[in-house]
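Visitor: Okay, handing you the structure first.
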Amino acid sequence: MLDPERGLSLTIARVVQRLQGSSLHSQLERQARVSLHKPEIKLESLKEDIKDFLKTSGWEKKLQNAVYSELNVFPSPCHPAAPPEHIKEPLAYMRKAQGSWEKRILKSLNSMCTELNIPLAQKRPVNEQKELLNKWNEMGTDEPDLSLFRPVYAPKDFLEVLMNLRNPNYENGEQPSFRNHLGLIQVPLKVKDIPELKEDFSELGLNIGQLGIDDSAQVPPEFFENEHVRIGQKVLAEQDSAAAQQYVRQGCPTALRADLWALILNISNQPEDILYYEQLKSNVIQHDLLVDSLIYKDVKLTASNDDYYFVFEDYLYQVLLCFSRDTSVLEHFTYSSATPPKSYIQGKLGMEEYAVFYPPNVNYNSFILSVAPLCFLYHEPSKLYQIFREMYVRFFFRLHSISSHPSGIVSLCLLFETLLQTHLPQLFYHLREIGAQPLRISFKWMVRAFSGYLATDQLLLLWDRILGYNSLEILAGKSYFYKMCEVCVNAVLADLSTLKVMPLLQIFLFATVT
């Protein structure tokens with residue numbers, strides 16, 4: 001067990017080490033040198049005077065935001081003696097299951113290469129590079145023949161893997177008993193109950209104003225909305241990431257959401273960030289990857305046929321093609337149970353010095369639904385890209401990998417089934433008896449963070465709370481109540497996307513008898 005003081009010192013050391021290699025560190029050094037020429041900087045109080053200068057010039061706030069961002073992204077430090085794989089995932093059977101799942105994906109990818117006689121990667125001919133560069137902003141007009149390409153896996157395939165997870169050290173008899181969980185997920189992970197969720201999401205209480213409820217046409221704006229907007233403008237003026245994260249727990253005003261999310265994620269779209277995006281774009285232009293065709297097909301099958309997202313088809317291609325080349329995202333594998341796939345230069349199989357990660361990062365199923373809602377907020381491709389990348393390394397990767405993390409897809413599925421079995425047992429058992437396991441229906445909602453299932457304004461209100469609480473656990477609660485509503489109102493509502501997020505969440509958390 002790591003004592004608190006030791007844990008704090010390790011956290012500080014890790015944050016300092018990471019920031020020392022950042023552009024912010026060099027900018028702070030440059031500003032400190034500039035301040036030496038100012039008359040108010042005295043030699044006898046040099047240290048304090050430079051601190052005051054950095055504070056008054058706004059650089060101290062930027063440093064605080066960077067530290068806060070690091071603390072939000074990286075997990076708490078493990079014991080120094082813990083091996084690296086324990087940082088990625090502490091449970092051995094979870095690591096083994098994730099490894100097997102990755103091998104299955106790679107086998108599917110390699111067999112597709114063999115069948116279609118297509119290499120994993122190749123340099124584009126010069127004329128093809130020029131053509132792609134010219135149509136970069138209108139790639140949606142391209143209609144390549146993708147009929148031979150197939151999805152690497154579907155959500156139901158991933159669910160089957162999760163259903164077969166078992167802890168070899170845990171004995172669970174075949175006969176039903178009070179110890180048995182009657183859902184599809186059969187791993188003994190600790191998940192929260194309603195009282196714990198109430199405590200964690202206390203700002204969603206019935207007596208606290210919420211955008212998504214108290215800004216409706218029936219509620220005069222002077223009661224809540226006007227004051228909430230004023231506070232949001234003040235938070236943006238202060239440029240404080242921690243304050244912004246606290247603020248969005250009650251929802252973001254539409255006009256402020258883009259700036260507030262960027263502040264929480266510590267995205268400022270500096271010139272060096274734009275240059276980095278252009279470098280990724282250049283990599284896309286120069287090299288053709290097999291996964292490019294999978295991305296094209298995914299966009300054509302999902303966004304192109306979606307009433308909300310079809311207009312953003314070009315943005316989706318730009319973001320996802322660049323993302324598949326971004327090696328900076330490899331950092332998240334230090335705290336993810338997943339491992340990036342390796343490939344070898346032709347003729348150098350097995351020689352580690354010729355190994356490369358292929359692709360650096362990409363998921364193979366409806367990946368675009370994590371990007372599409374962000375297109376409503378950000379219209380500058382480089383900033384849209386940075387926001388999505390940060391959302392992915394903080395949240396979305398957990399929905400596509402096997403782990404014991406509380407925000408991981410395994411825990412979310414178990415939480416959903418436990419809540420439904422505990423608080424709506426008649427509904428749970430009825431669905432189970434007729435062969436309609438609730439998780440088989442709700443899994444696709446959670447694995448896609450409800451993108452494509454909720455109206456966009458409601459989805460963004462839900463994602464406000466994900467950012468505000470730095471947790472995906474709210475998805476399981478939303479799935480629980482969404483499932484109940486689907487069963488109850490299916491005969492009345494033709495389109496469940498008309499359901500409102502915040503009233504359902506409040507009823508689920510604060511009107512459920514515990």
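Every chain in the structure tokens takes a letter, A first, then B, and so on in the order presented; its residues are numbered from 1, and the ligands are numbered from 1 following the presented order.
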So which residues touch Asp49 of chain A within 12 Å, counting only C-alpha atoms, skipping near sequence neighbours fewer than 4 positions away, as a PyMOL selection string?

Guide: chain A and resi 32+35-45+53-56

Visitor: Run DSSP on the backbone and tell me which residues of segment 29-193 of chain A come out as alpha helix (DSSP H); list them as a PyMOL selection string.

Guide: chain A and resi 29-35+46-56+59-73+84-88+92-116+126-134+155-163

Visitor: Please provide the set of residues having any atom within 9 Å of Glu102 of chain A, restricted to only C-alpha atoms, with same-chain residues fewer than 5 positions apart removed, written as number ranges by chain.

Guide: A: 97, 107, 338-341

Visitor: Suppose we keep N, CA and C atoms; can you now write the selection as a tab-separated table (two decimals), in the first residue's frame?

Guide:
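New file out-v6.tsv:
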chain	number	residue	atom	x	y	z
A	97	ALA	N	-7.19	-11.33	-21.42
A	97	ALA	CA	-8.36	-11.21	-22.30
A	97	ALA	C	-8.15	-10.10	-23.33
A	107	LYS	N	-5.60	-10.62	-36.52
A	107	LYS	CA	-5.81	-11.76	-37.43
A	107	LYS	C	-6.82	-11.38	-38.52
A	338	ALA	N	-4.71	-1.78	-23.24
A	338	ALA	CA	-4.40	-2.17	-24.61
A	338	ALA	C	-2.92	-1.96	-24.93
A	339	THR	N	-2.47	-2.61	-25.99
A	339	THR	CA	-1.10	-2.49	-26.49
A	339	THR	C	-1.17	-2.22	-27.98
A	340	PRO	N	-0.43	-1.24	-28.48
A	340	PRO	CA	-0.51	-0.93	-29.92
A	340	PRO	C	0.05	-2.08	-30.76
A	341	PRO	N	-0.59	-2.39	-31.88
A	341	PRO	CA	-0.11	-3.50	-32.73
A	341	PRO	C	1.21	-3.16	-33.41

Visitor: Taking only C-alpha atoms into account, name the residue in A:Leu424, A:Leu414, A:Val73, A:Val235 that is nearest to Val187 of chain A.

Guide: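 So, comparing all the options, the nearest one is A:Leu414.
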